[in-house]
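entry-v4.txt follows; it contains compact mmCIF, C-alpha atoms.
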```
# COMPACT_ATOMS: atom_id res chain seq x y z
CA MET A 130 -22.32 -11.60 119.10
CA SER A 131 -20.36 -14.03 121.29
CA ILE A 132 -21.55 -17.56 121.82
CA VAL A 133 -22.41 -16.72 125.46
CA ASP A 134 -24.57 -13.74 124.42
CA LEU A 135 -26.22 -15.91 121.80
CA ALA A 136 -26.96 -18.65 124.34
CA VAL A 137 -28.35 -16.15 126.89
CA GLN A 138 -30.50 -14.44 124.27
CA ASN A 139 -31.83 -17.84 123.22
CA LEU A 140 -32.52 -18.97 126.79
CA VAL A 141 -34.79 -15.98 127.40
CA SER A 142 -36.67 -16.34 124.10
CA PRO A 143 -40.41 -17.06 124.39
CA MET A 144 -39.88 -20.43 122.64
CA VAL A 145 -37.43 -21.79 125.21
CA LEU A 146 -39.38 -20.28 128.10
CA PHE A 147 -42.65 -21.88 126.95
CA PHE A 148 -40.88 -25.22 126.65
CA ALA A 149 -39.51 -24.74 130.18
CA LEU A 150 -43.02 -23.86 131.40
CA GLY A 151 -44.31 -27.13 129.96
CA VAL A 152 -41.56 -29.19 131.61
CA THR A 153 -42.15 -27.43 134.94
CA ALA A 154 -45.92 -27.91 134.76
CA ALA A 155 -45.45 -31.64 134.12
CA LEU A 156 -42.92 -32.02 136.91
CA VAL A 157 -45.21 -30.32 139.47
CA ARG A 158 -48.06 -32.54 138.18
CA SER A 159 -50.19 -29.66 136.96
CA ASP A 160 -53.30 -30.64 135.02
CA LEU A 161 -52.22 -28.34 132.18
CA SER A 162 -52.45 -30.33 128.96
CA VAL A 163 -52.89 -29.96 125.22
CA PRO A 164 -55.38 -32.42 123.73
CA GLU A 165 -53.83 -35.00 121.41
CA ALA A 166 -55.83 -33.75 118.39
CA ALA A 167 -54.65 -30.18 119.02
CA ALA A 168 -51.02 -31.35 119.30
CA LYS A 169 -51.31 -33.16 115.97
CA PHE A 170 -52.87 -30.04 114.42
CA LEU A 171 -50.06 -27.83 115.71
CA ALA A 172 -47.45 -30.23 114.29
CA LEU A 173 -49.27 -30.28 110.93
CA TYR A 174 -49.41 -26.49 110.87
CA LEU A 175 -45.69 -26.14 111.60
CA MET A 176 -44.74 -28.64 108.90
CA LEU A 177 -47.06 -27.07 106.35
CA ALA A 178 -45.68 -23.60 107.11
CA ILE A 179 -42.00 -24.57 107.08
CA GLY A 180 -42.43 -26.71 103.96
CA PHE A 181 -44.25 -23.95 102.09
CA LYS A 182 -41.72 -21.27 103.06
CA GLY A 183 -38.85 -23.51 101.91
CA GLY A 184 -40.56 -24.16 98.58
CA THR A 185 -41.13 -20.43 98.05
CA GLU A 186 -37.44 -19.74 98.71
CA VAL A 187 -36.43 -22.37 96.14
CA SER A 188 -38.81 -20.84 93.59
CA LYS A 189 -36.92 -17.56 94.02
CA SER A 190 -33.39 -18.94 94.03
CA GLY A 191 -33.91 -21.71 91.47
CA LEU A 192 -32.26 -25.12 91.38
CA ASP A 193 -28.51 -25.48 91.48
CA ALA A 194 -25.88 -28.14 91.96
CA ALA A 195 -25.42 -27.12 95.60
CA MET A 196 -28.97 -28.28 96.35
CA GLY A 197 -28.30 -31.76 94.91
CA LEU A 198 -24.99 -32.05 96.74
CA THR A 199 -26.49 -30.93 100.06
CA ILE A 200 -29.30 -33.47 99.68
CA LEU A 201 -26.74 -36.22 99.01
CA ALA A 202 -24.70 -35.09 102.03
CA GLY A 203 -27.87 -35.19 104.15
CA ILE A 204 -28.65 -38.74 103.05
CA ALA A 205 -25.07 -39.85 103.75
CA LEU A 206 -25.14 -38.28 107.23
CA SER A 207 -28.53 -39.77 108.07
CA PHE A 208 -27.20 -43.21 107.12
CA ALA A 209 -23.80 -42.87 108.82
CA ILE A 210 -24.86 -41.25 112.12
CA PRO A 211 -26.83 -44.32 113.36
CA MET A 212 -23.78 -46.53 112.65
CA ILE A 213 -21.60 -44.33 114.86
CA GLY A 214 -24.34 -43.90 117.47
CA TYR A 215 -24.98 -47.64 117.63
CA THR A 216 -21.28 -48.40 118.13
CA LEU A 217 -20.98 -45.79 120.90
CA LEU A 218 -24.15 -47.03 122.62
CA ARG A 219 -22.93 -50.64 122.57
CA LEU A 220 -19.53 -49.59 123.94
CA THR A 221 -20.67 -47.14 126.61
CA THR A 222 -24.09 -48.34 127.78
CA ARG A 223 -25.78 -51.61 128.65
CA LEU A 224 -28.36 -51.32 125.91
CA GLY A 225 -29.01 -54.48 123.90
CA ALA A 226 -28.61 -54.54 120.13
CA VAL A 227 -32.27 -53.84 119.35
CA ASP A 228 -32.62 -50.94 121.80
CA ALA A 229 -29.29 -49.47 120.65
CA ALA A 230 -30.37 -49.69 117.00
CA ALA A 231 -33.72 -48.03 117.77
CA VAL A 232 -32.08 -45.19 119.71
CA SER A 233 -29.50 -44.64 116.96
CA ALA A 234 -32.27 -44.38 114.33
CA HIS A 235 -33.71 -41.39 116.23
CA TYR A 236 -30.36 -39.61 116.19
CA GLY A 237 -29.69 -40.28 112.51
CA SER A 238 -33.09 -38.93 111.59
CA ILE A 239 -34.10 -35.34 112.22
CA SER A 240 -36.46 -33.33 114.42
CA ILE A 241 -38.36 -30.88 112.26
CA VAL A 242 -39.37 -28.83 115.32
CA THR A 243 -35.73 -28.41 116.36
CA PHE A 244 -35.12 -27.27 112.78
CA VAL A 245 -38.06 -24.83 112.97
CA ALA A 246 -36.74 -23.41 116.26
CA ALA A 247 -33.31 -23.04 114.65
CA THR A 248 -34.78 -21.14 111.68
CA GLU A 249 -36.27 -18.64 114.15
CA ILE A 250 -32.89 -18.17 115.84
CA VAL A 251 -31.12 -17.81 112.48
CA ARG A 252 -33.69 -15.22 111.36
CA GLY A 253 -33.33 -13.45 114.72
CA LEU A 254 -29.63 -13.04 113.96
CA GLY A 255 -30.52 -11.34 110.70
CA LEU A 256 -29.25 -14.28 108.63
CA THR A 257 -30.86 -15.96 105.66
CA PHE A 258 -30.62 -19.61 104.63
CA GLU A 259 -31.02 -21.79 101.57
CA GLY A 260 -34.71 -22.72 101.18
CA TYR A 261 -33.80 -26.16 99.88
CA LEU A 262 -32.73 -27.17 103.38
CA ILE A 263 -36.40 -28.12 103.89
CA ALA A 264 -35.94 -30.75 101.16
CA VAL A 265 -32.73 -31.85 102.88
CA ALA A 266 -34.69 -32.22 106.15
CA ALA A 267 -37.29 -34.38 104.42
CA VAL A 268 -34.74 -36.75 102.84
CA MET A 269 -32.88 -37.12 106.15
CA GLU A 270 -35.92 -38.67 107.85
CA THR A 271 -35.68 -42.21 106.48
CA PRO A 272 -32.11 -43.38 105.72
CA ALA A 273 -31.50 -43.59 109.48
CA ILE A 274 -34.41 -46.00 109.84
CA VAL A 275 -32.94 -48.27 107.16
CA ALA A 276 -29.50 -48.11 108.80
CA ALA A 277 -30.93 -48.99 112.22
CA LEU A 278 -32.92 -51.87 110.82
CA LEU A 279 -29.85 -53.27 109.07
CA LEU A 280 -27.85 -52.96 112.30
CA ALA A 281 -30.55 -54.69 114.34
CA ARG A 282 -31.08 -57.46 111.81
CA ARG A 283 -27.36 -58.20 111.69
CA ALA A 284 -26.88 -58.17 115.48
CA ALA A 285 -30.15 -59.80 116.55
CA PRO A 286 -31.74 -61.46 113.50
CA ARG A 287 -34.34 -63.36 115.51
CA GLU A 288 -35.64 -60.36 117.49
CA ALA A 289 -35.38 -57.89 114.62
CA GLY A 290 -36.76 -60.25 111.99
CA SER A 291 -39.83 -58.60 110.60
CA GLN A 292 -43.25 -60.12 110.62
CA GLY A 293 -42.86 -61.36 107.10
CA GLU A 294 -42.93 -57.89 105.57
CA SER A 295 -40.04 -56.73 103.43
CA MET A 296 -37.91 -53.67 104.03
CA GLY A 297 -39.70 -52.13 101.02
CA ALA A 298 -43.12 -52.54 102.66
CA LEU A 299 -41.84 -50.96 105.84
CA LEU A 300 -40.32 -48.05 103.95
CA ARG A 301 -43.61 -47.48 102.16
CA GLU A 302 -45.32 -47.27 105.56
CA VAL A 303 -42.65 -44.87 106.85
CA GLY A 304 -42.43 -42.84 103.63
CA THR A 305 -46.16 -42.21 103.59
CA ASN A 306 -46.07 -41.05 107.21
CA GLY A 307 -48.28 -37.96 107.44
CA SER A 308 -45.51 -35.69 108.73
CA ILE A 309 -43.30 -36.42 105.70
CA VAL A 310 -46.19 -36.14 103.22
CA ILE A 311 -47.28 -32.70 104.52
CA LEU A 312 -43.71 -31.37 104.70
CA VAL A 313 -42.74 -32.51 101.19
CA GLY A 314 -46.18 -31.69 99.75
CA ALA A 315 -46.16 -28.14 101.17
CA PHE A 316 -42.60 -27.69 99.89
CA PHE A 317 -43.67 -28.54 96.32
CA ILE A 318 -46.79 -26.37 96.58
CA GLY A 319 -44.65 -23.46 97.80
CA TRP A 320 -42.19 -24.10 94.98
CA ALA A 321 -44.93 -24.27 92.33
CA THR A 322 -46.87 -21.21 93.52
CA GLY A 323 -43.87 -19.09 94.54
CA GLU A 324 -44.30 -15.58 95.90
CA ARG A 325 -47.85 -15.30 94.57
CA GLY A 326 -48.82 -18.31 96.69
CA MET A 327 -46.95 -16.91 99.66
CA ASP A 328 -48.79 -13.59 99.41
CA MET A 329 -52.08 -15.47 99.44
CA ILE A 330 -51.47 -17.50 102.59
CA ALA A 331 -48.89 -15.42 104.48
CA PRO A 332 -51.47 -14.21 107.06
CA PHE A 333 -51.96 -17.88 107.97
CA ILE A 334 -48.44 -19.28 107.80
CA VAL A 335 -46.18 -16.30 108.60
CA ASP A 336 -47.86 -14.01 111.15
CA PRO A 337 -49.15 -16.61 113.66
CA PHE A 338 -46.12 -18.88 113.18
CA ARG A 339 -44.14 -17.88 116.28
CA GLY A 340 -47.16 -17.97 118.59
CA ILE A 341 -48.14 -21.42 117.36
CA LEU A 342 -44.55 -22.60 117.71
CA CYS A 343 -44.64 -21.44 121.35
CA LEU A 344 -47.87 -23.36 121.95
CA PHE A 345 -46.38 -26.47 120.36
CA LEU A 346 -43.22 -26.12 122.45
CA LEU A 347 -45.35 -25.77 125.58
CA ASP A 348 -46.92 -29.10 124.65
CA MET A 349 -43.51 -30.64 123.92
CA GLY A 350 -42.37 -29.44 127.35
CA LEU A 351 -45.39 -31.12 128.95
CA VAL A 352 -44.72 -34.39 127.10
CA ALA A 353 -40.98 -34.23 127.83
CA GLY A 354 -41.59 -33.47 131.51
CA ARG A 355 -44.09 -36.30 131.79
CA GLY A 356 -41.65 -38.63 130.01
CA LEU A 357 -38.84 -37.67 132.37
CA ARG A 358 -41.07 -38.17 135.40
CA GLN A 359 -42.23 -41.60 134.28
CA GLY A 360 -39.52 -42.88 131.96
CA GLY A 361 -36.53 -41.19 133.59
CA ARG A 362 -35.65 -44.33 135.51
CA GLU A 363 -35.07 -46.14 132.21
CA LEU A 364 -32.17 -43.79 131.46
CA SER A 365 -28.77 -44.61 132.94
CA PRO A 366 -26.21 -41.81 133.42
CA ALA A 367 -24.32 -43.18 130.38
CA LEU A 368 -27.45 -42.91 128.25
CA ILE A 369 -28.20 -39.37 129.43
CA ALA A 370 -24.59 -38.46 128.61
CA PHE A 371 -25.09 -39.96 125.13
CA GLY A 372 -28.18 -37.77 124.66
CA ILE A 373 -25.98 -34.71 125.19
CA TYR A 374 -22.60 -35.56 123.68
CA PHE A 375 -23.83 -37.46 120.65
CA PRO A 376 -25.57 -34.44 119.04
CA LEU A 377 -22.18 -32.73 119.27
CA VAL A 378 -20.53 -35.65 117.44
CA SER A 379 -23.17 -35.46 114.69
CA ALA A 380 -22.82 -31.66 114.62
CA ALA A 381 -19.04 -31.92 114.13
CA LEU A 382 -19.55 -34.29 111.18
CA ALA A 383 -22.18 -32.01 109.65
CA ALA A 384 -19.96 -28.95 110.16
CA ALA A 385 -17.25 -30.62 108.07
CA PHE A 386 -19.79 -31.32 105.31
CA ALA A 387 -21.23 -27.77 105.55
CA ALA A 388 -17.77 -26.25 105.07
CA MET A 389 -17.18 -28.41 101.98
CA LEU A 390 -20.64 -27.63 100.56
CA GLY A 391 -20.09 -23.89 100.83
CA LEU A 392 -23.39 -23.22 102.61
CA SER A 393 -24.21 -19.73 103.90
CA VAL A 394 -23.80 -19.08 107.65
CA GLY A 395 -27.54 -19.48 108.23
CA GLY A 396 -27.67 -22.55 106.00
CA ALA A 397 -24.68 -24.15 107.73
CA ALA A 398 -26.27 -23.52 111.15
CA LEU A 399 -29.45 -25.26 110.01
CA PHE A 400 -27.64 -28.14 108.32
CA ILE A 401 -25.66 -28.78 111.52
CA THR A 402 -28.88 -28.53 113.56
CA LEU A 403 -30.54 -31.13 111.31
CA ALA A 404 -27.71 -33.61 111.89
CA ALA A 405 -27.59 -32.91 115.62
CA SER A 406 -31.34 -33.21 116.19
CA ALA A 407 -33.12 -36.41 117.14
CA SER A 408 -36.53 -37.38 115.81
CA TYR A 409 -39.52 -37.72 118.11
CA ILE A 410 -42.45 -37.76 115.71
CA ALA A 411 -41.77 -39.92 112.64
CA VAL A 412 -39.11 -42.34 113.89
CA PRO A 413 -40.78 -43.46 117.16
CA ALA A 414 -43.83 -44.55 115.16
CA ALA A 415 -41.59 -46.25 112.58
CA MET A 416 -39.64 -48.05 115.32
CA ARG A 417 -42.86 -49.37 116.86
CA LEU A 418 -43.45 -51.10 113.52
CA ALA A 419 -39.89 -52.03 112.59
CA LEU A 420 -38.43 -52.94 115.98
CA PRO A 421 -41.36 -53.46 118.35
CA GLU A 422 -39.10 -55.26 120.86
CA ALA A 423 -37.20 -52.02 121.52
CA ASN A 424 -38.34 -50.16 124.63
CA PRO A 425 -40.09 -46.89 123.60
CA ALA A 426 -39.60 -45.38 127.07
CA ILE A 427 -35.85 -45.31 126.37
CA TYR A 428 -35.81 -43.73 122.93
CA LEU A 429 -38.70 -41.32 123.42
CA THR A 430 -37.45 -40.05 126.77
CA LEU A 431 -33.88 -39.71 125.54
CA SER A 432 -34.84 -37.91 122.35
CA LEU A 433 -37.56 -35.64 123.69
CA GLY A 434 -36.55 -35.35 127.34
CA VAL A 435 -32.77 -34.94 126.99
CA THR A 436 -31.59 -34.13 123.46
CA PHE A 437 -34.43 -31.83 122.38
CA PRO A 438 -34.11 -29.47 125.39
CA PHE A 439 -30.32 -29.55 125.08
CA ASN A 440 -30.50 -28.56 121.41
CA LEU A 441 -33.22 -25.98 122.00
CA ALA A 442 -31.45 -24.24 124.88
CA LEU A 443 -27.74 -24.63 124.14
CA GLY A 444 -27.13 -26.68 121.01
CA ILE A 445 -28.64 -24.35 118.41
CA PRO A 446 -26.70 -21.23 119.57
CA LEU A 447 -23.56 -23.36 119.58
CA TYR A 448 -24.23 -24.64 116.05
CA ALA A 449 -24.89 -21.06 114.89
CA ALA A 450 -21.56 -19.97 116.39
CA VAL A 451 -19.74 -22.89 114.70
CA ALA A 452 -21.47 -22.01 111.41
CA ALA A 453 -20.26 -18.41 111.69
CA ARG A 454 -16.68 -19.69 112.04
CA ILE A 455 -16.73 -22.18 109.18
CA ALA A 456 -18.94 -20.33 106.72
CA GLY A 457 -18.47 -16.68 107.68
CA MET B 162 -86.17 -61.61 123.32
CA GLU B 163 -84.06 -64.25 121.64
CA MET B 164 -80.35 -63.86 122.25
CA HIS B 165 -77.36 -65.61 120.66
CA SER B 166 -74.12 -66.49 122.33
CA LYS B 167 -70.94 -65.13 120.66
CA LYS B 168 -67.31 -64.35 121.51
CA ARG B 169 -65.95 -60.83 121.77
CA ILE B 170 -62.24 -60.44 121.06
CA GLU B 171 -60.86 -57.19 122.42
CA ILE B 172 -57.41 -56.12 121.30
CA LEU B 173 -55.76 -53.23 123.09
CA LEU B 174 -52.87 -52.33 120.81
CA GLU B 175 -50.30 -49.58 120.31
CA ALA B 176 -51.65 -47.18 117.69
CA PRO B 177 -48.82 -47.44 115.10
CA ALA B 178 -49.74 -51.12 114.55
CA GLN B 179 -53.48 -50.44 114.16
CA LYS B 180 -53.46 -50.56 110.37
CA ARG B 181 -51.63 -53.88 110.36
CA LEU B 182 -54.28 -55.34 112.66
CA THR B 183 -57.26 -54.02 110.73
CA ASP B 184 -55.66 -55.17 107.44
CA LEU B 185 -55.29 -58.64 108.99
CA LEU B 186 -58.93 -58.62 110.16
CA ASP B 187 -59.97 -57.67 106.62
CA ARG B 188 -57.97 -60.59 105.23
CA LEU B 189 -59.54 -62.92 107.79
CA ASP B 190 -62.90 -61.77 106.46
CA VAL B 191 -64.43 -61.01 109.85
CA ASN B 192 -67.86 -59.42 109.61
CA GLY B 193 -66.75 -56.19 111.21
CA TYR B 194 -64.73 -54.55 113.95
CA THR B 195 -64.79 -51.35 115.99
CA VAL B 196 -61.78 -49.15 116.70
CA LEU B 197 -61.86 -46.88 119.74
CA PRO B 198 -59.21 -44.43 120.97
CA VAL B 199 -57.89 -45.09 124.46
CA ILE B 200 -57.29 -42.04 126.65
CA GLY B 201 -54.67 -43.45 128.99
CA GLY B 202 -53.88 -46.11 131.50
CA LYS B 203 -51.21 -47.90 133.46
CA GLY B 204 -49.09 -50.85 132.39
CA HIS B 205 -45.68 -52.48 132.89
CA HIS B 206 -43.93 -49.17 132.26
CA GLY B 207 -46.18 -47.09 134.51
CA VAL B 208 -48.86 -44.53 133.77
CA TRP B 209 -49.37 -43.33 130.19
CA SER B 210 -51.67 -40.85 128.49
CA ARG B 211 -52.33 -39.91 124.88
CA GLU B 212 -52.63 -36.22 125.74
CA GLY B 213 -50.32 -33.91 123.87
CA LEU B 214 -48.56 -36.57 121.81
CA PRO B 215 -47.83 -35.45 118.24
CA SER B 216 -46.83 -38.97 117.18
CA ALA B 217 -48.82 -42.21 117.10
CA ALA B 218 -46.05 -43.81 119.19
CA GLY B 219 -47.11 -43.86 122.81
CA THR B 220 -50.84 -43.96 122.10
CA MET B 221 -53.11 -46.99 122.15
CA VAL B 222 -56.30 -48.07 120.42
CA SER B 223 -58.89 -50.67 121.29
CA VAL B 224 -60.17 -52.91 118.50
CA SER B 225 -63.08 -55.22 119.19
CA VAL B 226 -64.39 -58.03 117.03
CA ILE B 227 -67.42 -60.24 117.62
CA ALA B 228 -67.19 -63.75 116.19
CA SER B 229 -68.95 -67.05 116.46
CA GLU B 230 -67.36 -69.67 118.70
CA GLU B 231 -66.56 -71.81 115.64
CA ARG B 232 -64.47 -69.02 114.11
CA LEU B 233 -62.77 -67.94 117.35
CA ASP B 234 -59.56 -69.92 116.92
CA GLU B 235 -59.24 -69.08 113.25
CA VAL B 236 -59.30 -65.34 114.10
CA LEU B 237 -57.49 -65.41 117.44
CA ARG B 238 -54.35 -67.26 116.31
CA PRO B 239 -53.15 -64.83 113.60
CA VAL B 240 -54.30 -61.84 115.68
CA PHE B 241 -52.24 -62.95 118.64
CA GLU B 242 -49.28 -63.71 116.37
CA LEU B 243 -49.37 -60.06 115.23
CA VAL B 244 -49.98 -58.56 118.68
CA ARG B 245 -47.34 -60.78 120.37
CA ARG B 246 -44.42 -58.51 119.38
CA HIS B 247 -46.23 -55.26 120.11
CA ILE B 248 -47.46 -53.51 123.23
CA GLY B 249 -50.96 -54.90 123.65
CA ILE B 250 -53.48 -57.08 125.46
CA VAL B 251 -55.84 -59.59 123.87
CA THR B 252 -58.90 -60.69 125.81
CA VAL B 253 -61.83 -62.90 124.86
CA SER B 254 -65.19 -62.70 126.58
CA ASP B 255 -68.65 -64.21 126.19
CA VAL B 256 -71.30 -61.85 124.92
CA MET B 257 -74.94 -62.13 123.93
CA VAL B 258 -76.11 -60.53 120.70
CA ILE B 259 -79.60 -59.99 119.37
CA ARG B 260 -78.92 -60.33 115.64
CA GLY B 261 -76.99 -63.60 115.64
CA ASP B 262 -76.78 -63.90 111.87
CA ARG B 263 -74.64 -60.76 111.70
CA PHE B 264 -71.57 -62.40 113.31
```

This structure in C-alpha cells:
Amino acid sequence: MSIVDLAVQNLVSPMVLFFALGVTAALVRSDLSVPEAAAKFLALYLMLAIGFKGGTEVSKSGLDAAMGLTILAGIALSFAIPMIGYTLLRLTTRLGAVDAAAVSAHYGSISIVTFVAATEIVRGLGLTFEGYLIAVAAVMETPAIVAALLLARRAAPREAGSQGESMGALLREVGTNGSIVILVGAFFIGWATGERGMDMIAPFIVDPFRGILCLFLLDMGLVAGRGLRQGGRELSPALIAFGIYFPLVSAALAAAFAAMLGLSVGGAALFITLAASASYIAVPAAMRLALPEANPAIYLTLSLGVTFPFNLALGIPLYAAVAARIAG
Amino acid sequence: MEMHSKKRIEILLEAPAQKRLTDLLDRLDVNGYTVLPVIGGKGHHGVWSREGLPSAAGTMVSVSVIASEERLDEVLRPVFELVRRHIGIVTVSDVMVIRGDRF
C-alpha cells in the first residue's frame, strides 16, 4: 500500500472522523461535551487495556536483550528530544526560556493515545509489534520532564527555581501520576497473568476498545477545538510550524534508532510514533507543578490542537511507511 | 443565637497544585478545610471549562479555610507564597459562625 493510500484510508477511519467531529462541534460552539469524570474514565480504560495487552504479549514472547536496548533507546530519545526542541524554539520563535522548556518537555514525552491510535493502524495493516513497546512508552514519559527542568533552571534560575522541593520530590509526584501507575500496573498484571488473564477480561478490554477509543477521540477533538478557539491566539505561525515539523525531526531520530534496534515493521512504526508524539495528559500536569510560570495555553494548545491532529491524520501513516522502508 | 466573627480564606487554585496546598494547610495545623471542584469560568486567558479534560492541568479547585482573626496572617502568608507562582486567586472575607470554638 502506498503512503497516499495509507493516509487516505486513515483519514476516513472512524477514529480520525470522530476526532474531526469533536473539533468541528467545538468550533461551531455546539453544547456537545463529555463530562470531566467520563473523560478521565475513558483515559483510564485505554491505558489499562493497552498496558494489559502489552504485558500479555511480553508473557508470550519472553524477555530478551532487544527489550532492554529499546527501553534504553527510548530513555535517551526522551531526554535528547527536549534539548533539540528547546534550541529550535529559542532560535525560531519568541518564546522565553521557561515557556520553551515547558513546550519541549511535551515533545520529549509521549502521548499514549497517539500510540493507541497507531497500534490500531498497525493492526489494520495486518502487522504485529513487540509488546514491550508499552514498557518503552511508560519509561519515555519522565526523562523529558527532567531535561526540560534542567534547561529551564540553567536559562532562568530565578523563575524556574522550585518552591524549595528537590528534583527527587517532583519526580516522585510525576512518577506516581495516575496515568503512569495504571499503564505500568496493567502491563505487569498482563505479564503475570498472560493469556489466561487475557481470556478472562478480553470481553472488557478487547471488544469495546475501538468504540471507546472513538468516544475518547471525540472528546479530544472537543478539547482541541475549544483550545484552538480560545488559545489559538497564543500560537504564532512559527510555533504552529514547530508543532508540525518537530514531530518529523523526532521521528527521523527514532527511525535511525529503530533501524539499529532491529524492530519489526509494526514495532518500528510504533517506536517512531512514540518519539513523534507530544504529551497532553501527564506532562501538562507536571509542568504546572515544575514550571508554573510557563503559559499552559501555549503548550496545551500546541500539543493537543496542532501536533495530535497532525500525527493522527498524517503522521502515523507516514511513520508506518518509513517503518516499512527501514525495517521491511 | 450567639454568633462568632471569623475569617474565611478562599483559595481558587489550579488543580495540579491542590495537594501541595492541602499538605501546607495540614502542616499549618488549621482546623479543617473544604475542597470543591470548579466547573469553569473566565480569567486572564479567557473562558475555561473543566469539561472533557483528561488531565488535571486546565482544571481548578476551590479550597476554603475558616480561621480566627489572630491566626489569619500566620495562615495567609505561606498560603499566598505557594499560590503566588500558580494560577489562582486568594480572597479573605468576614464570616459569622455558630460554633466559634471549632475554628

Counting all atoms listed in the file, which residues in segment 330-438 of chain A sit no more than 10 Å from segment 189-210 of chain B? For each one, give the nearest pair of atoms and the distance in Å, sorted by chain then residue number, as a tab-separated table.
```
residue	atom	partner	partner_atom	distance
A:Val352	CA	B:Ser210	CA	9.6
A:Arg355	CA	B:Trp209	CA	8.9
A:Gly356	CA	B:Trp209	CA	9.0
A:Gln359	CA	B:Gly207	CA	6.8
A:Gly360	CA	B:His206	CA	7.7
A:Glu363	CA	B:His206	CA	9.4
A:Asn424	CA	B:His206	CA	9.5
A:Pro425	CA	B:His206	CA	9.7
A:Ala426	CA	B:His206	CA	7.7
```

(message) Should the cut-off be 12 Å, what would the residue list for chain B against chain A look like, counting all atoms listed in the file, as a ChimeraX atom specification?
(response) /B:174-182,198-201,203-221,239,242-249

Give me a file of those residues, with C-alpha atoms, as an mmCIF file, in the frame of the given file.
```
data_model
loop_
_atom_site.group_PDB
_atom_site.id
_atom_site.type_symbol
_atom_site.label_atom_id
_atom_site.label_comp_id
_atom_site.auth_asym_id
_atom_site.auth_seq_id
_atom_site.Cartn_x
_atom_site.Cartn_y
_atom_site.Cartn_z
ATOM 1 C CA LEU B 174 -52.870 -52.330 120.810
ATOM 2 C CA GLU B 175 -50.300 -49.580 120.310
ATOM 3 C CA ALA B 176 -51.650 -47.180 117.690
ATOM 4 C CA PRO B 177 -48.820 -47.440 115.100
ATOM 5 C CA ALA B 178 -49.740 -51.120 114.550
ATOM 6 C CA GLN B 179 -53.480 -50.440 114.160
ATOM 7 C CA LYS B 180 -53.460 -50.560 110.370
ATOM 8 C CA ARG B 181 -51.630 -53.880 110.360
ATOM 9 C CA LEU B 182 -54.280 -55.340 112.660
ATOM 10 C CA PRO B 198 -59.210 -44.430 120.970
ATOM 11 C CA VAL B 199 -57.890 -45.090 124.460
ATOM 12 C CA ILE B 200 -57.290 -42.040 126.650
ATOM 13 C CA GLY B 201 -54.670 -43.450 128.990
ATOM 14 C CA LYS B 203 -51.210 -47.900 133.460
ATOM 15 C CA GLY B 204 -49.090 -50.850 132.390
ATOM 16 C CA HIS B 205 -45.680 -52.480 132.890
ATOM 17 C CA HIS B 206 -43.930 -49.170 132.260
ATOM 18 C CA GLY B 207 -46.180 -47.090 134.510
ATOM 19 C CA VAL B 208 -48.860 -44.530 133.770
ATOM 20 C CA TRP B 209 -49.370 -43.330 130.190
ATOM 21 C CA SER B 210 -51.670 -40.850 128.490
ATOM 22 C CA ARG B 211 -52.330 -39.910 124.880
ATOM 23 C CA GLU B 212 -52.630 -36.220 125.740
ATOM 24 C CA GLY B 213 -50.320 -33.910 123.870
ATOM 25 C CA LEU B 214 -48.560 -36.570 121.810
ATOM 26 C CA PRO B 215 -47.830 -35.450 118.240
ATOM 27 C CA SER B 216 -46.830 -38.970 117.180
ATOM 28 C CA ALA B 217 -48.820 -42.210 117.100
ATOM 29 C CA ALA B 218 -46.050 -43.810 119.190
ATOM 30 C CA GLY B 219 -47.110 -43.860 122.810
ATOM 31 C CA THR B 220 -50.840 -43.960 122.100
ATOM 32 C CA MET B 221 -53.110 -46.990 122.150
ATOM 33 C CA PRO B 239 -53.150 -64.830 113.600
ATOM 34 C CA GLU B 242 -49.280 -63.710 116.370
ATOM 35 C CA LEU B 243 -49.370 -60.060 115.230
ATOM 36 C CA VAL B 244 -49.980 -58.560 118.680
ATOM 37 C CA ARG B 245 -47.340 -60.780 120.370
ATOM 38 C CA ARG B 246 -44.420 -58.510 119.380
ATOM 39 C CA HIS B 247 -46.230 -55.260 120.110
ATOM 40 C CA ILE B 248 -47.460 -53.510 123.230
ATOM 41 C CA GLY B 249 -50.960 -54.900 123.650
#
```

(message) Just to confirm, what's the straight-line distance from atom CA of Glu259 of chain A to atom CA of Ala407 of chain A in Å (one decimal)?
(response) 21.5 Å

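Using all atoms listed in the file, the smallest distance between any of B:Ile172, B:Met164, B:Ser223, B:Glu231 and Arg260 of chain B comes from B:Met164.
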
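Reported to one decimal place, the separation of atom CA of Tyr215 of chain A from atom CA of Ala230 of chain A is 5.8 Å.
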
Name all residues at most 9 Å from segment 191-198 of chain A (count only C-alpha atoms; drop same-chain ones fewer than 2 positions away) and give them as a short mmCIF file (atom, residue, chain, number, x, y, z; two decimals) with C-alpha atoms, keeping the file's coordinate frame.
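Just written: around.cif:
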```
data_model
loop_
_atom_site.label_atom_id
_atom_site.label_comp_id
_atom_site.auth_asym_id
_atom_site.auth_seq_id
_atom_site.Cartn_x
_atom_site.Cartn_y
_atom_site.Cartn_z
CA GLU A 186 -37.44 -19.74 98.71
CA VAL A 187 -36.43 -22.37 96.14
CA SER A 188 -38.81 -20.84 93.59
CA LYS A 189 -36.92 -17.56 94.02
CA ILE A 200 -29.30 -33.47 99.68
CA LEU A 201 -26.74 -36.22 99.01
CA ALA A 202 -24.70 -35.09 102.03
CA GLY A 203 -27.87 -35.19 104.15
CA GLU A 259 -31.02 -21.79 101.57
CA TYR A 261 -33.80 -26.16 99.88
CA LEU A 262 -32.73 -27.17 103.38
CA ALA A 264 -35.94 -30.75 101.16
CA VAL A 265 -32.73 -31.85 102.88
CA LEU A 390 -20.64 -27.63 100.56
CA GLY A 391 -20.09 -23.89 100.83
CA LEU A 392 -23.39 -23.22 102.61
#
```

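Across the structure, atom CA of Ile250 of chain A and atom CA of Gln138 of chain A are spaced 9.5 Å apart.
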
(request) Using only C-alpha atoms, determine which residues lie at most 12 Å from Ser254 of chain B, disregarding the query and same-chain residues fewer than 2 positions distant; provide the list as a PyMOL selection string. (result) chain B and resi 166-172+225-230+233+251-252+256-257
